[in-house]
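These notes are about the structure you will find just below.
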Amino acid sequence: MKNTFVVVLFFYALTSSSQTFRKYSNEFLSIGVDAAALGMSNTVTAHTGDVNSGYWNPAGLLRLEDKQIGLMHANYFANIAQYDYAGFAMPIDDRSALGISLIRFGVDDILNTTQLIDSQGNIDYNRISLFSTADYALTVSYARSLPVQGIDYGVNAKIIRRVIGDFANSWGFGFDLGIQYKTENEWMLGLMLRDITTTYNTWSINTEEYEKIKNAIPGENQELPETSEATLPKAQFGVAKKYVFRYDYSLTAAANLNMQFTQTNDIISTSLVSIDPALGFEFGYIDLVFLRAGVGNFQQITQIDNTKKLSFQPNIGLGFKYKGIQIDYALTDLGDQSAALYSNIFSLKVDFSIFR
């Protein structure tokens, strides 16, 4: 009956290795924030320009005209996991801006059955306890304009905290760099470099708890997992343009190239870099109502018979904005286009100008 903790420890072992680069390290930071961006399949690298830019591209913070707060909540995996985000940003002067955000991704009230059977072999349900596993990221963002016309840059400093009940926990840190450029004919270009110095996590394991379960499966988990992991850099390059029709209608078209410097199942995949393209659109009416759609996460999946199948992730969304208050909704797939895995995501953004 010790399988619960074995599964948790196995999950931890998958993401931890002594100074080893992991393809999926700190993956909770890849989920994204803001239902408006998620509805466009995350294709906002080039044109993001609000409080949520601290996540997507900190250079976009320079488009703020006043202080803003952003909030988001989402349930994942049939409400098993909770994902929460809060952000605040403000302009410092006409050439710089500052932001701070907090992300939590967690599973709460997990049954710990490692002590379900006592030393006499009897099942005692009073020995069951609860624990939570959660990942946290605190990000401080700074953006500034360059002397070159139209070019802005931003930097993120991230502190990462990961906790698996009383069994294991880690601290990590890393940096991101973002750049945006707006041409004279209103084209917008963006580049986001995540974990540019690599992001390091150092784990601490409760050896007393480990000793209780290390022999739960003979031949498995006999040694403590290694305690350091490093996250490889990633890059997103984006392009976007906004078209206005008859003053009342607008259409923003955007595209991203999401790059990982390792070989994956992306449709463009080499030993040097793998590239996953994404497209997104936002139709707006008098800057009041918005309809969004996007497609991304193109993957080559190998079937049982070794044939290849192209998988992709569609997303749609709605938004409503009135006097500095914006509410957004996104219906987004977690990756396999199964109706059971679609998630309803809501976010709120408030501009402090409504209080002036």
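Ordered as shown in the structure tokens, chains take letters A, B, and onward, while each chain numbers its residues from 1 and ligands are numbered from 1 in the order shown.
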So which residues touch Gly32 in chain A within 12 Å, counting only C-alpha atoms, skipping near sequence neighbours fewer than 4 positions away, as a ChimeraX atom specification?
/A:27-28,36-45,52-57,72-74,83-85,103-105,330,332,334,345,347
Would you output that residue set with N, CA and C atoms, as a short mmCIF file (atom, residue, chain, number, x, y, z; two decimals), in the first residue's frame?
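Written output follows (selection-v5.cif):
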```cif
data_model
loop_
_atom_site.label_atom_id
_atom_site.label_comp_id
_atom_site.auth_asym_id
_atom_site.auth_seq_id
_atom_site.Cartn_x
_atom_site.Cartn_y
_atom_site.Cartn_z
N GLU A 27 8.15 22.36 -16.13
CA GLU A 27 7.19 22.50 -17.22
C GLU A 27 5.95 23.30 -16.83
N PHE A 28 5.69 23.47 -15.54
CA PHE A 28 4.53 24.28 -15.15
C PHE A 28 4.69 25.72 -15.63
N ALA A 36 -6.74 35.48 -22.65
CA ALA A 36 -6.68 36.11 -23.97
C ALA A 36 -5.54 35.53 -24.80
N ALA A 37 -4.39 35.35 -24.19
CA ALA A 37 -3.25 34.77 -24.90
C ALA A 37 -3.47 33.30 -25.20
N LEU A 38 -4.03 32.56 -24.25
CA LEU A 38 -4.26 31.14 -24.45
C LEU A 38 -5.27 30.90 -25.56
N GLY A 39 -6.25 31.77 -25.70
CA GLY A 39 -7.22 31.65 -26.79
C GLY A 39 -6.61 31.83 -28.15
N MET A 40 -5.46 32.52 -28.22
CA MET A 40 -4.73 32.72 -29.48
C MET A 40 -3.56 31.75 -29.61
N SER A 41 -3.59 30.67 -28.86
CA SER A 41 -2.52 29.66 -28.89
C SER A 41 -1.16 30.26 -28.53
N ASN A 42 -1.18 31.21 -27.62
CA ASN A 42 0.05 31.79 -27.05
C ASN A 42 0.87 32.60 -28.06
N THR A 43 0.27 33.06 -29.13
CA THR A 43 1.01 33.78 -30.17
C THR A 43 1.06 35.28 -29.88
N VAL A 44 1.52 35.65 -28.70
CA VAL A 44 1.51 37.06 -28.30
C VAL A 44 2.91 37.60 -28.05
N THR A 45 3.94 36.86 -28.40
CA THR A 45 5.32 37.29 -28.14
C THR A 45 5.61 38.66 -28.73
N ASN A 52 0.41 41.14 -18.16
CA ASN A 52 0.81 39.76 -18.41
C ASN A 52 2.06 39.63 -19.27
N SER A 53 2.58 40.75 -19.74
CA SER A 53 3.81 40.73 -20.53
C SER A 53 4.99 40.23 -19.72
N GLY A 54 4.91 40.35 -18.40
CA GLY A 54 5.99 39.82 -17.58
C GLY A 54 6.23 38.35 -17.85
N TYR A 55 5.18 37.62 -18.22
CA TYR A 55 5.33 36.21 -18.58
C TYR A 55 5.68 36.03 -20.06
N TRP A 56 4.93 36.69 -20.95
CA TRP A 56 5.07 36.42 -22.39
C TRP A 56 6.28 37.08 -23.01
N ASN A 57 6.54 38.31 -22.64
CA ASN A 57 7.71 39.05 -23.14
C ASN A 57 7.80 40.34 -22.33
N MET A 72 -5.65 34.97 -12.86
CA MET A 72 -6.15 33.85 -13.64
C MET A 72 -6.26 32.61 -12.77
N HIS A 73 -7.29 31.81 -13.02
CA HIS A 73 -7.45 30.52 -12.35
C HIS A 73 -7.87 29.49 -13.39
N ALA A 74 -7.33 28.28 -13.26
CA ALA A 74 -7.70 27.19 -14.17
C ALA A 74 -7.61 25.87 -13.43
N TYR A 83 -4.34 25.69 -11.03
CA TYR A 83 -3.32 26.59 -11.57
C TYR A 83 -3.77 28.01 -11.33
N ASP A 84 -2.95 28.80 -10.62
CA ASP A 84 -3.32 30.17 -10.27
C ASP A 84 -2.19 31.12 -10.60
N TYR A 85 -2.58 32.32 -11.02
CA TYR A 85 -1.61 33.36 -11.40
C TYR A 85 -2.10 34.72 -10.92
N ILE A 103 3.06 32.50 -9.74
CA ILE A 103 2.35 31.36 -10.32
C ILE A 103 2.38 30.21 -9.32
N ARG A 104 1.26 29.53 -9.18
CA ARG A 104 1.21 28.30 -8.39
C ARG A 104 0.49 27.22 -9.19
N PHE A 105 1.11 26.05 -9.29
CA PHE A 105 0.49 24.89 -9.91
C PHE A 105 0.56 23.76 -8.89
N ALA A 330 -11.08 31.36 -22.25
CA ALA A 330 -10.47 30.51 -23.27
C ALA A 330 -10.90 29.07 -23.06
N THR A 332 -9.39 25.64 -24.08
CA THR A 332 -8.10 25.19 -24.58
C THR A 332 -7.90 23.71 -24.30
N LEU A 334 -5.53 20.30 -23.78
CA LEU A 334 -4.23 20.00 -23.18
C LEU A 334 -3.32 19.24 -24.12
N ILE A 345 -10.89 28.32 -19.03
CA ILE A 345 -9.98 29.21 -18.32
C ILE A 345 -10.53 30.63 -18.34
N SER A 347 -9.76 34.74 -16.94
CA SER A 347 -8.78 35.67 -16.40
C SER A 347 -9.39 37.07 -16.31
#
```
Quick check, in Å to one decimal: how far apart do CA of Trp203 in chain A and CA of Ala168 in chain A lie?
6.9 Å
Rounded to one decimal, what separation in Å do you get between CA of Thr227 in chain A and CA of Thr202 in chain A?
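We find that CA of Thr227 in chain A and CA of Thr202 in chain A lie 5.7 Å from each other.
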Measure the distance from CA of Ile151 in chain A to CA of Ala137 in chain A in Å and round it to one decimal.
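Here the two named atoms are 27.8 Å from each other.
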